[in-house]
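Asks: Next comes upload.txt, compact mmCIF, C-alpha atoms and all ligand atoms:
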# COMPACT_ATOMS: atom_id res chain seq x y z
CA MET B 15 0.00 0.00 0.00
CA LEU B 16 1.63 3.22 -1.09
CA ILE B 17 -0.68 5.71 0.57
CA LYS B 18 -1.39 5.26 4.24
CA PRO B 19 -3.56 8.01 5.63
CA ALA B 20 -3.66 8.13 9.39
CA PRO B 21 -6.81 6.41 10.67
CA ASP B 22 -8.12 9.60 12.22
CA ILE B 23 -8.26 11.48 8.92
CA ARG B 24 -9.95 8.67 7.10
CA SER B 25 -13.53 9.81 7.46
CA SER B 26 -12.93 13.41 6.53
CA GLU B 27 -10.74 12.66 3.59
CA ILE B 28 -13.14 10.45 1.72
CA THR B 29 -16.03 12.76 1.87
CA ASP B 30 -16.15 16.10 0.16
CA LYS B 31 -14.40 14.08 -1.11
CA VAL B 32 -10.87 13.23 -0.19
CA THR B 33 -9.93 16.85 0.40
CA TYR B 34 -7.05 15.78 2.57
CA LEU B 35 -5.62 13.19 0.30
CA ASN B 36 -2.40 14.26 -1.32
CA ARG B 37 -3.41 14.41 -4.94
CA ARG B 38 0.13 14.39 -6.31
CA ALA B 39 1.03 11.33 -4.32
CA PHE B 40 -2.06 9.63 -5.60
CA ILE B 41 -1.25 10.34 -9.23
CA GLN B 42 2.25 9.01 -8.74
CA THR B 43 0.79 5.89 -7.20
CA ALA B 44 -1.63 5.44 -10.03
CA ILE B 45 0.88 5.99 -12.79
CA GLY B 46 3.69 4.14 -11.08
CA GLY B 47 1.40 1.23 -10.45
CA LEU B 48 0.42 0.70 -14.06
CA ALA B 49 2.11 -2.22 -15.69
CA ILE B 50 2.71 -0.16 -18.79
CA GLY B 51 3.32 3.56 -18.56
CA ALA B 52 0.94 4.15 -21.45
CA LEU B 53 -1.30 6.55 -19.59
CA ALA B 54 1.47 8.61 -18.11
CA GLY B 55 1.62 11.03 -21.03
CA GLU B 56 -2.08 11.62 -21.01
CA ALA B 57 -2.61 15.17 -19.89
CA THR B 58 -6.17 15.81 -20.90
CA VAL B 59 -9.32 13.80 -20.64
CA LYS B 60 -11.07 13.04 -23.88
CA ALA B 61 -14.49 11.54 -23.75
CA GLN B 62 -15.24 8.75 -26.12
CA GLN B 63 -17.98 9.94 -28.42
CA PRO B 64 -20.92 7.61 -28.98
CA ALA B 65 -20.23 7.44 -32.70
CA ALA B 66 -16.66 6.31 -32.20
CA HIS B 67 -17.38 2.87 -30.79
CA GLY B 68 -20.88 2.48 -32.14
CA ARG B 69 -21.98 -0.14 -29.67
CA LYS B 70 -25.58 0.94 -29.74
CA PHE B 71 -28.54 -0.81 -28.22
CA GLU B 72 -31.48 -1.32 -30.56
CA ASN B 73 -35.18 -1.09 -29.82
CA ILE B 74 -34.93 1.02 -26.70
CA ARG B 75 -38.29 1.78 -25.17
CA ARG B 76 -38.68 5.39 -24.03
CA SER B 77 -40.06 5.27 -20.50
CA ASN B 78 -42.79 7.53 -19.21
CA LEU B 79 -40.88 7.58 -15.91
CA SER B 80 -38.33 9.91 -17.51
CA THR B 81 -37.98 13.55 -16.58
CA THR B 82 -38.64 16.07 -19.34
CA GLU B 83 -35.62 18.11 -18.24
CA THR B 84 -32.83 18.47 -20.79
CA PRO B 85 -30.19 15.78 -20.36
CA ASN B 86 -26.55 16.64 -19.86
CA THR B 87 -24.27 15.94 -22.81
CA TRP B 88 -22.31 12.73 -23.30
CA GLN B 89 -19.17 14.77 -22.77
CA GLN B 90 -20.39 16.08 -19.40
CA ILE B 91 -21.66 12.73 -18.18
CA THR B 92 -18.47 10.87 -19.08
CA THR B 93 -15.77 13.28 -17.92
CA TYR B 94 -17.03 14.33 -14.48
CA ASN B 95 -17.40 11.18 -12.43
CA ASN B 96 -17.09 9.75 -8.99
CA PHE B 97 -15.53 6.31 -9.23
CA TYR B 98 -13.01 6.01 -6.44
CA GLU B 99 -11.67 2.70 -7.67
CA PHE B 100 -9.94 4.80 -10.34
CA GLY B 101 -9.01 7.80 -8.23
CA VAL B 102 -10.50 10.65 -6.28
CA ASP B 103 -10.49 13.40 -8.90
CA LYS B 104 -13.58 13.86 -11.05
CA LYS B 105 -11.48 13.27 -14.16
CA ASP B 106 -9.69 10.16 -12.93
CA ALA B 107 -12.35 7.66 -13.92
CA ALA B 108 -12.36 8.83 -17.54
CA THR B 109 -8.57 8.76 -17.62
CA TYR B 110 -7.81 5.50 -15.85
CA SER B 111 -10.83 3.26 -16.50
CA LYS B 112 -10.26 2.66 -20.20
CA THR B 113 -8.57 -0.67 -19.58
CA LEU B 114 -11.24 -2.06 -17.26
CA LYS B 115 -12.21 -5.45 -18.67
CA THR B 116 -16.00 -5.56 -18.77
CA SER B 117 -16.47 -8.73 -20.78
CA PRO B 118 -16.93 -11.48 -19.83
CA TRP B 119 -18.69 -10.27 -16.69
CA THR B 120 -20.42 -12.27 -14.02
CA ILE B 121 -22.65 -11.33 -11.11
CA ALA B 122 -22.88 -13.65 -8.14
CA THR B 123 -26.40 -13.74 -6.71
CA GLU B 124 -26.39 -15.03 -3.17
CA GLY B 125 -27.95 -15.07 0.24
CA GLU B 126 -31.68 -15.28 0.82
CA VAL B 127 -32.54 -16.46 -2.69
CA THR B 128 -34.03 -19.77 -3.70
CA ARG B 129 -31.33 -20.55 -6.23
CA PRO B 130 -27.97 -18.83 -5.72
CA ALA B 131 -26.13 -18.55 -9.02
CA VAL B 132 -23.32 -16.91 -10.90
CA LEU B 133 -25.03 -15.05 -13.71
CA HIS B 134 -23.28 -14.18 -16.92
CA LEU B 135 -24.19 -10.67 -17.95
CA GLU B 136 -24.92 -11.78 -21.51
CA GLU B 137 -27.50 -14.19 -20.15
CA VAL B 138 -28.99 -11.53 -17.91
CA LEU B 139 -29.46 -9.25 -20.93
CA LYS B 140 -30.55 -11.85 -23.45
CA GLY B 141 -34.04 -11.06 -24.72
CA ARG B 142 -34.54 -8.43 -22.06
CA ALA B 143 -36.43 -5.27 -22.99
CA LEU B 144 -34.30 -2.23 -22.29
CA GLU B 145 -35.68 1.20 -21.50
CA GLU B 146 -34.37 4.70 -21.57
CA ARG B 147 -34.82 6.38 -18.19
CA ILE B 148 -33.88 10.03 -18.10
CA TYR B 149 -33.26 10.67 -14.43
CA ARG B 150 -32.05 13.51 -12.30
CA HIS B 151 -28.82 12.54 -10.55
CA ARG B 152 -27.95 14.38 -7.31
CA CYS B 153 -24.56 13.81 -5.75
CA VAL B 154 -24.18 14.24 -2.00
CA GLU B 155 -21.47 16.81 -2.75
CA GLY B 156 -24.02 19.26 -4.13
CA TRP B 157 -23.95 18.86 -7.91
CA SER B 158 -26.60 17.41 -10.15
CA MET B 159 -27.01 16.30 -13.75
CA VAL B 160 -29.74 14.80 -15.91
CA ILE B 161 -28.74 11.44 -17.36
CA PRO B 162 -30.39 9.30 -20.06
CA TRP B 163 -29.69 5.81 -18.73
CA ILE B 164 -30.47 2.62 -20.60
CA GLY B 165 -31.47 -0.19 -18.32
CA PHE B 166 -34.16 -2.37 -16.82
CA PRO B 167 -35.97 -2.51 -13.50
CA LEU B 168 -33.96 -4.21 -10.74
CA LEU B 169 -37.35 -5.59 -9.73
CA ASP B 170 -37.28 -7.94 -12.74
CA LEU B 171 -33.96 -9.48 -11.76
CA ILE B 172 -34.88 -9.82 -8.09
CA ALA B 173 -38.13 -11.53 -8.98
CA GLN B 174 -36.14 -13.98 -11.08
CA LEU B 175 -33.89 -14.78 -8.11
CA GLN B 176 -36.92 -15.74 -6.01
CA PRO B 177 -36.12 -14.16 -2.65
CA THR B 178 -36.83 -16.33 0.36
CA SER B 179 -39.35 -15.17 2.94
CA LYS B 180 -36.45 -13.97 5.12
CA ALA B 181 -35.11 -11.49 2.54
CA ARG B 182 -35.49 -7.87 3.73
CA PHE B 183 -32.48 -6.09 2.20
CA VAL B 184 -30.26 -6.20 -0.86
CA GLU B 185 -26.51 -5.67 -0.77
CA PHE B 186 -24.49 -4.80 -3.87
CA THR B 187 -20.74 -5.16 -4.29
CA SER B 188 -18.51 -3.54 -6.91
CA LEU B 189 -15.56 -5.08 -8.64
CA SER B 190 -12.45 -4.38 -6.59
CA ASP B 191 -9.44 -5.44 -8.62
CA PRO B 192 -6.15 -3.74 -7.78
CA SER B 193 -4.63 -4.94 -11.04
CA GLN B 194 -7.17 -2.93 -13.03
CA MET B 195 -8.12 -0.20 -10.61
CA PRO B 196 -5.40 2.15 -9.35
CA GLY B 197 -7.65 3.55 -6.62
CA VAL B 198 -8.03 0.11 -5.09
CA ARG B 199 -4.27 0.06 -4.57
CA ALA B 200 -4.67 3.12 -2.35
CA SER B 201 -6.18 2.84 1.09
CA TYR B 202 -8.64 5.73 1.33
CA LEU B 203 -11.58 3.36 1.38
CA ARG B 204 -11.83 -0.18 2.68
CA TRP B 205 -12.57 -2.02 -0.55
CA PRO B 206 -14.70 -3.34 -2.06
CA ASP B 207 -17.34 -0.66 -2.39
CA THR B 208 -20.68 -1.98 -1.17
CA GLU B 209 -24.15 -0.49 -0.92
CA GLY B 210 -27.50 -1.61 0.39
CA LEU B 211 -31.19 -1.01 -0.15
CA ARG B 212 -34.27 -2.15 1.67
CA LEU B 213 -35.98 -4.81 -0.43
CA ASP B 214 -38.98 -2.57 -1.14
CA GLU B 215 -36.65 0.22 -2.32
CA ALA B 216 -34.82 -2.24 -4.52
CA MET B 217 -38.12 -3.44 -5.97
CA HIS B 218 -39.52 0.03 -6.56
CA PRO B 219 -40.21 0.57 -10.27
CA LEU B 220 -37.91 3.63 -10.38
CA THR B 221 -34.88 1.54 -9.34
CA ILE B 222 -32.96 0.28 -12.34
CA LEU B 223 -29.83 -1.54 -13.31
CA ALA B 224 -28.22 0.54 -16.05
CA VAL B 225 -26.13 -0.95 -18.84
CA GLY B 226 -26.09 2.04 -21.17
CA LEU B 227 -26.11 5.76 -21.64
CA TYR B 228 -27.58 7.61 -24.64
CA ASP B 229 -28.42 4.29 -26.35
CA GLU B 230 -24.75 3.29 -26.09
CA VAL B 231 -23.04 0.65 -23.99
CA LEU B 232 -22.19 2.21 -20.64
CA PRO B 233 -18.74 3.82 -20.69
CA ASN B 234 -16.39 2.35 -18.09
CA GLN B 235 -16.22 5.56 -16.07
CA ASP B 236 -19.99 5.48 -15.54
CA GLY B 237 -19.92 2.01 -14.04
CA ALA B 238 -19.70 -0.48 -16.89
CA PRO B 239 -20.89 -3.00 -17.57
CA ILE B 240 -23.75 -2.75 -15.07
CA ARG B 241 -24.53 -0.31 -12.28
CA LEU B 242 -27.38 0.56 -10.00
CA VAL B 243 -29.40 3.77 -10.40
CA VAL B 244 -31.68 4.91 -7.55
CA PRO B 245 -32.75 8.42 -8.59
CA TRP B 246 -34.28 9.64 -5.32
CA LYS B 247 -31.11 8.94 -3.33
CA TYR B 248 -27.73 10.64 -3.27
CA GLY B 249 -25.47 9.43 -6.05
CA PHE B 250 -23.26 7.25 -3.89
CA LYS B 251 -26.06 4.73 -3.49
CA SER B 252 -25.94 4.11 -7.25
CA ILE B 253 -23.06 1.67 -7.09
CA LYS B 254 -21.01 0.87 -10.19
CA SER B 255 -19.54 -2.21 -11.87
CA ILE B 256 -21.56 -4.68 -9.79
CA VAL B 257 -20.17 -8.19 -9.32
CA ARG B 258 -22.35 -9.43 -6.47
CA ILE B 259 -25.98 -9.05 -5.40
CA ARG B 260 -26.83 -10.56 -2.04
CA LEU B 261 -30.24 -10.71 -0.39
CA LEU B 262 -30.13 -10.39 3.36
CA GLU B 263 -32.26 -10.60 6.45
CA GLN B 264 -30.25 -7.91 8.25
CA GLN B 265 -29.61 -4.36 7.08
CA PRO B 266 -26.21 -4.17 5.40
CA VAL B 267 -23.73 -1.34 5.97
CA GLY B 268 -22.61 0.53 2.86
CA ALA B 269 -18.96 1.40 2.34
CA TRP B 270 -19.45 5.15 2.83
CA GLN B 271 -21.67 4.63 5.84
CA ARG B 272 -19.03 2.39 7.38
CA GLU B 273 -16.29 4.97 6.80
CA ALA B 274 -18.26 7.97 8.08
CA PRO B 275 -21.59 6.98 9.67
CA GLN B 276 -22.20 10.50 10.94
CA GLU B 277 -22.07 11.80 7.35
CA TYR B 278 -23.61 9.01 5.29
CA GLY B 279 -26.66 7.17 6.47
CA PHE B 280 -28.13 3.95 5.18
CA TYR B 281 -31.07 5.72 3.51
CA ALA B 282 -29.29 8.65 1.83
CA ASN B 283 -32.56 9.98 0.48
CA VAL B 284 -32.04 13.38 -1.11
CA ASN B 285 -33.32 15.79 1.53
CA PRO B 286 -32.87 19.58 1.51
CA THR B 287 -33.78 19.79 5.20
CA VAL B 288 -31.08 17.43 6.46
CA ASP B 289 -27.68 19.01 5.99
CA HIS B 290 -24.50 17.11 5.56
CA PRO B 291 -22.52 17.76 8.79
CA ARG B 292 -20.05 19.86 6.81
CA TRP B 293 -22.31 21.64 4.30
CA SER B 294 -25.91 22.56 3.54
CA GLN B 295 -27.96 20.36 1.24
CA ALA B 296 -30.59 23.06 0.60
CA LYS B 297 -29.23 23.97 -2.85
CA GLU B 298 -27.38 22.34 -5.68
CA VAL B 299 -25.49 23.27 -8.81
CA ARG B 300 -26.78 21.79 -12.05
CA LEU B 301 -23.67 21.00 -14.06
CA PRO B 302 -22.11 22.46 -16.14
CA GLY B 303 -23.24 25.51 -14.18
CA PHE B 304 -21.15 27.20 -11.59
CA PHE B 305 -23.56 28.47 -8.96
CA LYS B 306 -25.29 26.45 -6.31
CA ASN B 307 -28.55 28.24 -6.96
CA ARG B 308 -31.06 25.46 -7.52
CA PRO B 309 -33.22 24.39 -4.61
CA THR B 310 -32.65 20.73 -3.81
CA GLN B 311 -35.91 18.82 -4.08
CA MET B 312 -37.09 16.37 -1.46
CA PHE B 313 -36.43 12.85 -2.75
CA ASN B 314 -34.75 14.59 -5.70
CA GLY B 315 -38.20 15.41 -7.05
CA TYR B 316 -39.44 11.80 -6.96
CA GLY B 317 -41.50 12.23 -3.78
CA ASP B 318 -44.85 11.48 -5.42
CA GLN B 319 -43.55 8.04 -6.30
CA VAL B 320 -41.41 7.16 -3.26
CA ALA B 321 -42.45 9.15 -0.18
CA SER B 322 -44.85 6.39 0.86
CA LEU B 323 -41.91 4.02 1.32
CA TYR B 324 -40.91 6.12 4.32
CA ALA B 325 -44.31 6.83 5.86
CA GLY B 326 -43.99 7.28 9.61
CA MET B 327 -40.20 7.34 9.61
CA ASP B 328 -38.18 10.16 11.12
CA LEU B 329 -36.08 11.19 8.11
CA LYS B 330 -33.74 13.29 10.27
CA ARG B 331 -32.77 10.21 12.22
CA ASN B 332 -32.94 7.89 9.22
CA PHE B 333 -30.86 10.09 6.92
N1 LIG C 401 -18.12 1.39 -7.24
C1 LIG C 401 -18.38 2.70 -7.10
N2 LIG C 401 -19.64 3.14 -7.34
C2 LIG C 401 -19.93 4.46 -7.21
C3 LIG C 401 -18.94 5.37 -6.76
C4 LIG C 401 -17.63 4.87 -6.52
O1 LIG C 401 -16.72 5.61 -6.15
N3 LIG C 401 -17.40 3.54 -6.70
N4 LIG C 401 -19.27 6.71 -6.59
C5 LIG C 401 -20.68 7.00 -6.35
C6 LIG C 401 -20.98 8.42 -6.36
S1 LIG C 401 -20.47 9.31 -5.01
C7 LIG C 401 -21.71 9.01 -7.35
S2 LIG C 401 -22.21 10.63 -7.27
C8 LIG C 401 -22.07 8.24 -8.58
C9 LIG C 401 -21.52 8.97 -9.79
O2 LIG C 401 -21.98 8.36 -10.98
P1 LIG C 401 -21.50 8.97 -12.37
O3 LIG C 401 -20.02 9.11 -12.32
O4 LIG C 401 -21.95 7.99 -13.41
O5 LIG C 401 -22.17 10.30 -12.52
O6 LIG C 401 -21.54 6.93 -8.59
C10 LIG C 401 -21.60 6.27 -7.33
N5 LIG C 401 -21.19 4.89 -7.50
MO MO C 402 -21.70 11.25 -5.04
Would you kindly transcribe this structure into structure tokens?

Replies:
Amino acid sequence: MLIKPAPDIRSSEITDKVTYLNRRAFIQTAIGGLAIGALAGEATVKAQQPAAHGRKFENIRRSNLSTTETPNTWQQITTYNNFYEFGVDKKDAATYSKTLKTSPWTIATEGEVTRPAVLHLEEVLKGRALEERIYRHRCVEGWSMVIPWIGFPLLDLIAQLQPTSKARFVEFTSLSDPSQMPGVRASYLRWPDTEGLRLDEAMHPLTILAVGLYDEVLPNQDGAPIRLVVPWKYGFKSIKSIVRIRLLEQQPVGAWQREAPQEYGFYANVNPTVDHPRWSQAKEVRLPGFFKNRPTQMFNGYGDQVASLYAGMDLKRNF
């Protein structure tokens, strides 16, 4: 391990995020750690354009669950990312994730399911109807975008797994491969990244597994080949590059919650009235804007559809 932050700075460094991490040291780690120095000369981030690789999905159904707000551009969505497995800077994922091997890809489905299995992604997608879902995306750090995902309801996959009567929660785990992911070689998070949802949240029709963006195969930096999207929660719940889905009786602890429980709760519902301990959540900046001048909406504007999931709960305590 080349970077060893003191344990007492761990929670603050990973959060707004990783303010305290020595960026230069990280870059040296990342570049030095690559088997070939091919990326070392890369000074600027260039987004792949959809036309360049042409891996388009056909027959996408346009969902009526989409927002009518104008989506961000491909360029914006693919060059400003949080994907700590590739680094802590917003540009790192676009720069360092190009070599992530996304095929073949398997997802282990385990726990409180009738038939645990290792699913091949191709099989998961075979014959499956894919939809475009244009969703608002609100990061806990205060920025938001509008993203045209391609995916399918997580509900469909969970139903296929046949949860046992004990299943109450779903835990997701990301790939955590130090040989492909320079950030995993650093110790600012205890890898792998994990996240959890209550089973009813996971089975809500708004919750999708995304495999594409703008009718194209998902770019690596956005969580290829398959990532979760839960639009009424802060972005960190939408975990990327999923390799395991486990149904559980007990509530799991997500990676960010484990690192800094006072800052990141299990629910992480977008909520303008519950501030992050170190900043207000009342407003947000819609990228590529500069000013935090947009009022944050309760449940990121999806309250009509999801508020009933939390009826009777104290959302200040269950943040
Ligand atoms: N595995 C993994 N998933 C992740 C993250 C991460 O660092 N690692 N970052 C999260 C955060 S904080 C946000 S805001 C979104 C960002 O998704 P985007 O880069 O596609 O916009 O991914 C989430 N999923
Ligand atoms: Mo985030």

Asks: Tell me which of B:Leu169, B:Leu175, B:Leu203, B:Val198 sits closest to Ala131 of chain B, counting all atoms listed in the file.

Replies: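 Among the listed residues, B:Leu175 lies closest to Ala131 of chain B.
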
Asks: Go through chain B residue by residue and, counting all atoms listed in the file, keep those with an atom at most 7 Å from ligand MO 402 (chain C); for each kept residue give the shortest atom pair and its distance in Å to one decimal, ordered by chain and increasing number, as a tab-separated table.

Replies:
residue	atom	partner	partner_atom	distance
B:Asn96	CA	C:MO402	MO	6.3
B:Cys153	CA	C:MO402	MO	3.9
B:Val154	CA	C:MO402	MO	4.9
B:Glu155	CA	C:MO402	MO	6.0
B:Tyr248	CA	C:MO402	MO	6.3
B:Gly249	CA	C:MO402	MO	4.3
B:Phe250	CA	C:MO402	MO	4.4

Asks: To test the calculation: enclose all listed atoms of ligand LIG 401 (chain C) in a box whose edges run along x, y and z, add 8 Å on each side, then state centre and edge lengths in Å to one decimal, as AutoDock Vina command-line options.

Replies:
--center_x -19.5 --center_y 6.0 --center_z -9.2 --size_x 21.5 --size_y 25.2 --size_z 24.4

Asks: Segment 63-174 of chain B near segment 293-312 of chain B within 10 Å: what's each residue's closest atom pair and its distance in Å to one decimal, counting only C-alpha atoms, ordered by chain then ascending residue number, as a tab-separated table?

Replies:
residue	atom	partner	partner_atom	distance
B:Asn86	CA	B:Leu301	CA	7.8
B:Thr87	CA	B:Pro302	CA	9.6
B:Gln90	CA	B:Pro302	CA	7.4
B:Ile91	CA	B:Leu301	CA	9.5
B:Tyr94	CA	B:Leu301	CA	9.4
B:Arg150	CA	B:Arg300	CA	9.8
B:His151	CA	B:Arg300	CA	9.6
B:Arg152	CA	B:Glu298	CA	8.1
B:Cys153	CA	B:Glu298	CA	9.0
B:Val154	CA	B:Gln295	CA	7.9
B:Glu155	CA	B:Gln295	CA	8.4
B:Gly156	CA	B:Glu298	CA	4.8
B:Trp157	CA	B:Val299	CA	4.8
B:Ser158	CA	B:Arg300	CA	4.8
B:Met159	CA	B:Arg300	CA	5.8
B:Val160	CA	B:Arg300	CA	8.5

Asks: Set the cut-off to 6 Å, count only C-alpha atoms and all ligand atoms, and list whatever residues fall near ligand LIG 401 (chain C) as a PDB file with C-alpha atoms, in the coordinates of the input.

Replies:
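Below is the file pocket13.pdb, written as the result:
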ATOM      1  CA  ASN B  95     -17.400  11.180 -12.430  1.00  0.00           C
ATOM      2  CA  ASN B  96     -17.090   9.750  -8.990  1.00  0.00           C
ATOM      3  CA  PHE B  97     -15.530   6.310  -9.230  1.00  0.00           C
ATOM      4  CA  TYR B  98     -13.010   6.010  -6.440  1.00  0.00           C
ATOM      5  CA  GLU B  99     -11.670   2.700  -7.670  1.00  0.00           C
ATOM      6  CA  CYS B 153     -24.560  13.810  -5.750  1.00  0.00           C
ATOM      7  CA  SER B 188     -18.510  -3.540  -6.910  1.00  0.00           C
ATOM      8  CA  ASP B 207     -17.340  -0.660  -2.390  1.00  0.00           C
ATOM      9  CA  ASP B 236     -19.990   5.480 -15.540  1.00  0.00           C
ATOM     10  CA  GLY B 249     -25.470   9.430  -6.050  1.00  0.00           C
ATOM     11  CA  PHE B 250     -23.260   7.250  -3.890  1.00  0.00           C
ATOM     12  CA  SER B 252     -25.940   4.110  -7.250  1.00  0.00           C
ATOM     13  CA  ILE B 253     -23.060   1.670  -7.090  1.00  0.00           C
ATOM     14  CA  LYS B 254     -21.010   0.870 -10.190  1.00  0.00           C
TER      15      LYS B 254
END

Asks: For Met195 of chain B, which of B:Lys70, B:Lys112, B:His134, B:Arg258 is the closest residue, counting all atoms listed in the file?

Replies: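 Of all the options, B:Lys112 lies closest to Met195 of chain B.
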
Asks: Set the distance at 9 Å and use all atoms listed in the file: which residues neighbour Arg129 of chain B once local chain neighbours fewer than 2 positions away are removed? I'd like the list as a ChimeraX atom specification.

Replies: /B:123-124,126-127,131,175-177
